[in-house]
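Structure file final.txt; described as compact mmCIF, N, CA, C and O atoms.
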```txt
# COMPACT_ATOMS: atom_id res chain seq x y z
N MET A 174 0.57 -17.01 -13.52
CA MET A 174 -0.14 -16.92 -12.26
C MET A 174 -1.14 -15.77 -12.33
O MET A 174 -0.79 -14.64 -12.65
N GLN A 175 -2.38 -16.05 -12.03
CA GLN A 175 -3.41 -15.04 -12.07
C GLN A 175 -3.52 -14.34 -10.73
O GLN A 175 -3.51 -14.97 -9.68
N ARG A 176 -3.62 -13.00 -10.79
CA ARG A 176 -3.75 -12.21 -9.56
C ARG A 176 -5.16 -12.29 -9.02
O ARG A 176 -6.13 -12.35 -9.76
N THR A 177 -5.25 -12.24 -7.73
CA THR A 177 -6.55 -12.17 -7.07
C THR A 177 -6.91 -10.71 -6.90
O THR A 177 -6.11 -9.92 -6.41
N ARG A 178 -8.10 -10.36 -7.31
CA ARG A 178 -8.56 -8.99 -7.15
C ARG A 178 -9.09 -8.81 -5.73
O ARG A 178 -9.98 -9.51 -5.30
N LEU A 179 -8.50 -7.85 -5.01
CA LEU A 179 -8.90 -7.60 -3.63
C LEU A 179 -9.73 -6.33 -3.55
O LEU A 179 -9.57 -5.42 -4.34
N LEU A 180 -10.59 -6.29 -2.56
CA LEU A 180 -11.33 -5.07 -2.28
C LEU A 180 -10.36 -4.02 -1.77
O LEU A 180 -9.32 -4.35 -1.20
N PRO A 181 -10.68 -2.74 -1.96
CA PRO A 181 -9.75 -1.68 -1.52
C PRO A 181 -9.31 -1.80 -0.06
O PRO A 181 -8.14 -1.59 0.26
N GLU A 182 -10.24 -2.14 0.83
CA GLU A 182 -9.88 -2.27 2.25
C GLU A 182 -8.90 -3.42 2.47
O GLU A 182 -7.96 -3.32 3.26
N GLU A 183 -9.10 -4.51 1.75
CA GLU A 183 -8.18 -5.65 1.85
C GLU A 183 -6.81 -5.29 1.30
O GLU A 183 -5.78 -5.70 1.83
N ARG A 184 -6.79 -4.54 0.20
CA ARG A 184 -5.52 -4.11 -0.40
C ARG A 184 -4.76 -3.22 0.58
O ARG A 184 -3.56 -3.37 0.77
N LYS A 185 -5.45 -2.30 1.25
CA LYS A 185 -4.80 -1.43 2.24
C LYS A 185 -4.17 -2.27 3.34
O LYS A 185 -3.02 -2.02 3.75
N LYS A 186 -4.91 -3.26 3.83
CA LYS A 186 -4.38 -4.13 4.89
C LYS A 186 -3.14 -4.86 4.42
O LYS A 186 -2.17 -4.99 5.17
N GLU A 187 -3.16 -5.33 3.17
CA GLU A 187 -2.02 -6.05 2.61
C GLU A 187 -0.78 -5.15 2.57
O GLU A 187 0.32 -5.56 2.95
N ILE A 188 -0.96 -3.92 2.14
CA ILE A 188 0.17 -2.98 2.06
C ILE A 188 0.66 -2.63 3.46
O ILE A 188 1.87 -2.60 3.72
N ARG A 189 -0.26 -2.39 4.39
CA ARG A 189 0.14 -2.07 5.78
C ARG A 189 0.90 -3.22 6.44
O ARG A 189 1.88 -2.99 7.15
N LYS A 190 0.43 -4.44 6.22
CA LYS A 190 1.12 -5.59 6.81
C LYS A 190 2.53 -5.73 6.24
O LYS A 190 3.48 -6.01 6.97
N ALA A 191 2.66 -5.52 4.93
CA ALA A 191 3.98 -5.60 4.30
C ALA A 191 4.90 -4.52 4.87
O ALA A 191 6.07 -4.78 5.18
N ALA A 192 4.35 -3.30 5.04
CA ALA A 192 5.16 -2.21 5.60
C ALA A 192 5.58 -2.54 7.03
O ALA A 192 6.74 -2.34 7.40
N ALA A 193 4.67 -3.06 7.82
CA ALA A 193 4.99 -3.39 9.22
C ALA A 193 6.09 -4.43 9.30
O ALA A 193 7.00 -4.32 10.12
N ARG A 194 6.03 -5.43 8.43
CA ARG A 194 7.08 -6.47 8.42
C ARG A 194 8.43 -5.86 8.10
O ARG A 194 9.45 -6.17 8.74
N LYS A 195 8.47 -4.96 7.12
CA LYS A 195 9.74 -4.34 6.75
C LYS A 195 10.23 -3.39 7.84
O LYS A 195 11.42 -3.31 8.10
N PHE A 196 9.31 -2.66 8.49
CA PHE A 196 9.71 -1.77 9.58
C PHE A 196 10.37 -2.57 10.71
O PHE A 196 11.37 -2.14 11.29
N LEU A 197 9.79 -3.72 11.02
CA LEU A 197 10.37 -4.57 12.07
C LEU A 197 11.74 -5.11 11.65
O LEU A 197 12.64 -5.21 12.47
N GLU A 198 11.86 -5.44 10.38
CA GLU A 198 13.11 -6.02 9.88
C GLU A 198 14.22 -4.98 9.76
O GLU A 198 15.35 -5.22 10.19
N LYS A 199 13.91 -3.82 9.16
CA LYS A 199 14.94 -2.84 8.82
C LYS A 199 14.88 -1.56 9.64
O LYS A 199 15.83 -0.77 9.60
N GLY A 200 13.76 -1.32 10.31
CA GLY A 200 13.56 -0.05 10.98
C GLY A 200 12.80 0.90 10.07
O GLY A 200 12.88 0.81 8.84
N PHE A 201 12.06 1.82 10.69
CA PHE A 201 11.22 2.74 9.92
C PHE A 201 12.03 3.59 8.96
O PHE A 201 11.71 3.70 7.78
N SER A 202 13.09 4.19 9.45
CA SER A 202 13.89 5.12 8.63
C SER A 202 14.60 4.44 7.47
O SER A 202 14.85 5.07 6.44
N ALA A 203 14.95 3.18 7.64
CA ALA A 203 15.70 2.47 6.61
C ALA A 203 14.81 1.79 5.57
O ALA A 203 15.29 1.32 4.55
N THR A 204 13.51 1.74 5.82
CA THR A 204 12.59 1.08 4.90
C THR A 204 12.19 2.02 3.78
O THR A 204 11.81 3.16 4.01
N THR A 205 12.29 1.52 2.54
CA THR A 205 11.92 2.30 1.37
C THR A 205 10.60 1.81 0.80
O THR A 205 10.13 0.71 1.15
N MET A 206 10.01 2.61 -0.07
CA MET A 206 8.80 2.17 -0.76
C MET A 206 9.08 0.91 -1.58
O MET A 206 8.24 0.03 -1.69
N GLU A 207 10.26 0.83 -2.16
CA GLU A 207 10.63 -0.35 -2.93
C GLU A 207 10.61 -1.59 -2.05
O GLU A 207 10.20 -2.67 -2.49
N ASP A 208 11.06 -1.46 -0.80
CA ASP A 208 11.02 -2.58 0.14
C ASP A 208 9.59 -3.04 0.38
O ASP A 208 9.29 -4.23 0.37
N VAL A 209 8.70 -2.07 0.60
CA VAL A 209 7.30 -2.39 0.89
C VAL A 209 6.65 -3.02 -0.33
O VAL A 209 5.91 -4.01 -0.22
N ILE A 210 6.93 -2.48 -1.51
CA ILE A 210 6.36 -3.02 -2.74
C ILE A 210 6.81 -4.46 -2.94
O ILE A 210 6.01 -5.34 -3.23
N ALA A 211 8.10 -4.71 -2.78
CA ALA A 211 8.62 -6.07 -2.95
C ALA A 211 8.01 -7.02 -1.93
O ALA A 211 7.64 -8.16 -2.25
N GLU A 212 7.89 -6.58 -0.69
CA GLU A 212 7.34 -7.42 0.38
C GLU A 212 5.86 -7.73 0.14
O GLU A 212 5.40 -8.83 0.42
N SER A 213 5.13 -6.76 -0.41
CA SER A 213 3.69 -6.96 -0.62
C SER A 213 3.39 -7.81 -1.85
O SER A 213 2.30 -8.36 -1.97
N GLY A 214 4.35 -7.90 -2.77
CA GLY A 214 4.12 -8.65 -3.99
C GLY A 214 3.31 -7.88 -5.02
O GLY A 214 2.92 -8.42 -6.05
N LEU A 215 3.05 -6.61 -4.74
CA LEU A 215 2.30 -5.77 -5.68
C LEU A 215 3.24 -5.14 -6.69
O LEU A 215 4.45 -5.14 -6.51
N SER A 216 2.65 -4.57 -7.72
CA SER A 216 3.44 -3.82 -8.69
C SER A 216 3.60 -2.39 -8.18
O SER A 216 2.84 -1.94 -7.33
N VAL A 217 4.58 -1.70 -8.73
CA VAL A 217 4.78 -0.30 -8.37
C VAL A 217 3.51 0.47 -8.70
O VAL A 217 3.02 1.28 -7.91
N GLY A 218 2.95 0.23 -9.87
CA GLY A 218 1.74 0.92 -10.30
C GLY A 218 0.57 0.69 -9.36
O GLY A 218 -0.21 1.60 -9.08
N GLY A 219 0.45 -0.53 -8.86
CA GLY A 219 -0.64 -0.85 -7.94
C GLY A 219 -0.55 -0.06 -6.65
O GLY A 219 -1.55 0.46 -6.15
N VAL A 220 0.64 0.06 -6.12
CA VAL A 220 0.83 0.81 -4.88
C VAL A 220 0.66 2.30 -5.13
O VAL A 220 0.01 3.00 -4.36
N VAL A 221 1.20 2.79 -6.24
CA VAL A 221 1.08 4.21 -6.56
C VAL A 221 -0.39 4.58 -6.79
O VAL A 221 -0.86 5.61 -6.31
N ASP A 222 -1.13 3.73 -7.51
CA ASP A 222 -2.56 3.99 -7.74
C ASP A 222 -3.31 4.04 -6.42
O ASP A 222 -4.17 4.89 -6.21
N TRP A 223 -3.00 3.12 -5.52
CA TRP A 223 -3.67 3.09 -4.22
C TRP A 223 -3.35 4.37 -3.45
O TRP A 223 -4.21 4.99 -2.85
N LYS A 224 -2.09 4.78 -3.49
CA LYS A 224 -1.66 5.99 -2.78
C LYS A 224 -2.36 7.23 -3.34
O LYS A 224 -2.84 8.07 -2.59
N ARG A 225 -2.43 7.33 -4.66
CA ARG A 225 -3.12 8.47 -5.29
C ARG A 225 -4.58 8.52 -4.88
O ARG A 225 -5.12 9.58 -4.58
N ALA A 226 -5.24 7.37 -4.90
CA ALA A 226 -6.65 7.32 -4.51
C ALA A 226 -6.83 7.74 -3.06
O ALA A 226 -7.77 8.48 -2.73
N ALA A 227 -5.93 7.31 -2.20
CA ALA A 227 -6.01 7.68 -0.78
C ALA A 227 -5.85 9.19 -0.61
O ALA A 227 -6.57 9.82 0.17
N ILE A 228 -4.94 9.79 -1.34
CA ILE A 228 -4.72 11.23 -1.26
C ILE A 228 -5.94 11.99 -1.78
O ILE A 228 -6.39 12.96 -1.17
N ARG A 229 -6.51 11.52 -2.90
CA ARG A 229 -7.72 12.16 -3.44
C ARG A 229 -8.87 12.09 -2.44
O ARG A 229 -9.58 13.07 -2.23
N ASN A 230 -9.04 10.93 -1.83
CA ASN A 230 -10.13 10.77 -0.86
C ASN A 230 -9.93 11.68 0.34
O ASN A 230 -10.89 12.30 0.82
N CYS A 231 -8.73 11.79 0.84
CA CYS A 231 -8.44 12.68 1.98
C CYS A 231 -8.68 14.13 1.60
O CYS A 231 -9.27 14.89 2.38
N SER A 232 -8.25 14.51 0.41
CA SER A 232 -8.45 15.89 -0.05
C SER A 232 -9.93 16.22 -0.16
O SER A 232 -10.36 17.30 0.24
N ALA A 233 -10.72 15.28 -0.69
CA ALA A 233 -12.15 15.49 -0.82
C ALA A 233 -12.80 15.65 0.55
O ALA A 233 -13.69 16.50 0.74
N CYS A 234 -12.37 14.86 1.51
CA CYS A 234 -12.93 14.96 2.87
C CYS A 234 -12.61 16.32 3.48
O CYS A 234 -13.45 16.91 4.16
N LEU A 235 -11.41 16.80 3.29
CA LEU A 235 -10.99 18.08 3.85
C LEU A 235 -11.77 19.24 3.23
O LEU A 235 -12.09 20.22 3.91
N LYS A 236 -12.08 19.13 1.94
CA LYS A 236 -12.82 20.19 1.26
C LYS A 236 -14.26 20.27 1.73
O LYS A 236 -14.85 21.33 1.71
N ASN A 237 -14.81 19.12 2.11
CA ASN A 237 -16.21 19.10 2.58
C ASN A 237 -16.22 19.48 4.02
O ASN A 237 -16.94 19.83 4.72
```

Show me the file's structure as structure tokens.
Amino acid sequence: MQRTRLLPEERKKEIRKAAARKFLEKGFSATTMEDVIAESGLSVGGVVDWKRAAIRNCSACLKN
């Protein structure tokens, strides 16, 4: 099965929707990153890369 390449904004929405579904199902405190990753269908590396990029972008904004 070939993966569809999504734009960064679409990828963020996909991860947020997966997290929201798990929060509703298990509650915020009981939901783990593993739950969100499994729900989104992404790889661990894909989510971690997205998270790192988000942190770098926020840091750059704060420095400016």

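Taking atom CA of A:Val217 as the reference point, atom CA of A:Leu197 is found at 21.6 Å.
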
Q. Hey, can you check how far atom CA of A:Leu180 sits from atom CA of A:Thr204?
A. 25.7 Å

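The interatomic distance for the pair atom O of A:Ala193 and atom CA of A:Val209 works out to 9.4 Å.
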
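Using only C-alpha atoms, the shortest contact distance between A:Arg184 and any of A:Ser202, A:Arg225, A:Val220, A:Asp208 is found at A:Val220.
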
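Near A:Arg189, within a cut-off of 8 Å and counting all atoms listed in the file, sit the residues A:Glu182, A:Glu183, A:Lys195, A:Phe196, A:Val209, A:Ser213, with same-chain residues fewer than 6 positions away left out.
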
**Q.** Of the listed residues A:Glu198, A:Ala191, A:Asp222, A:Lys186, that which approaches A:Ile210 most closely, counting all atoms listed in the file
**A.** A:Ala191
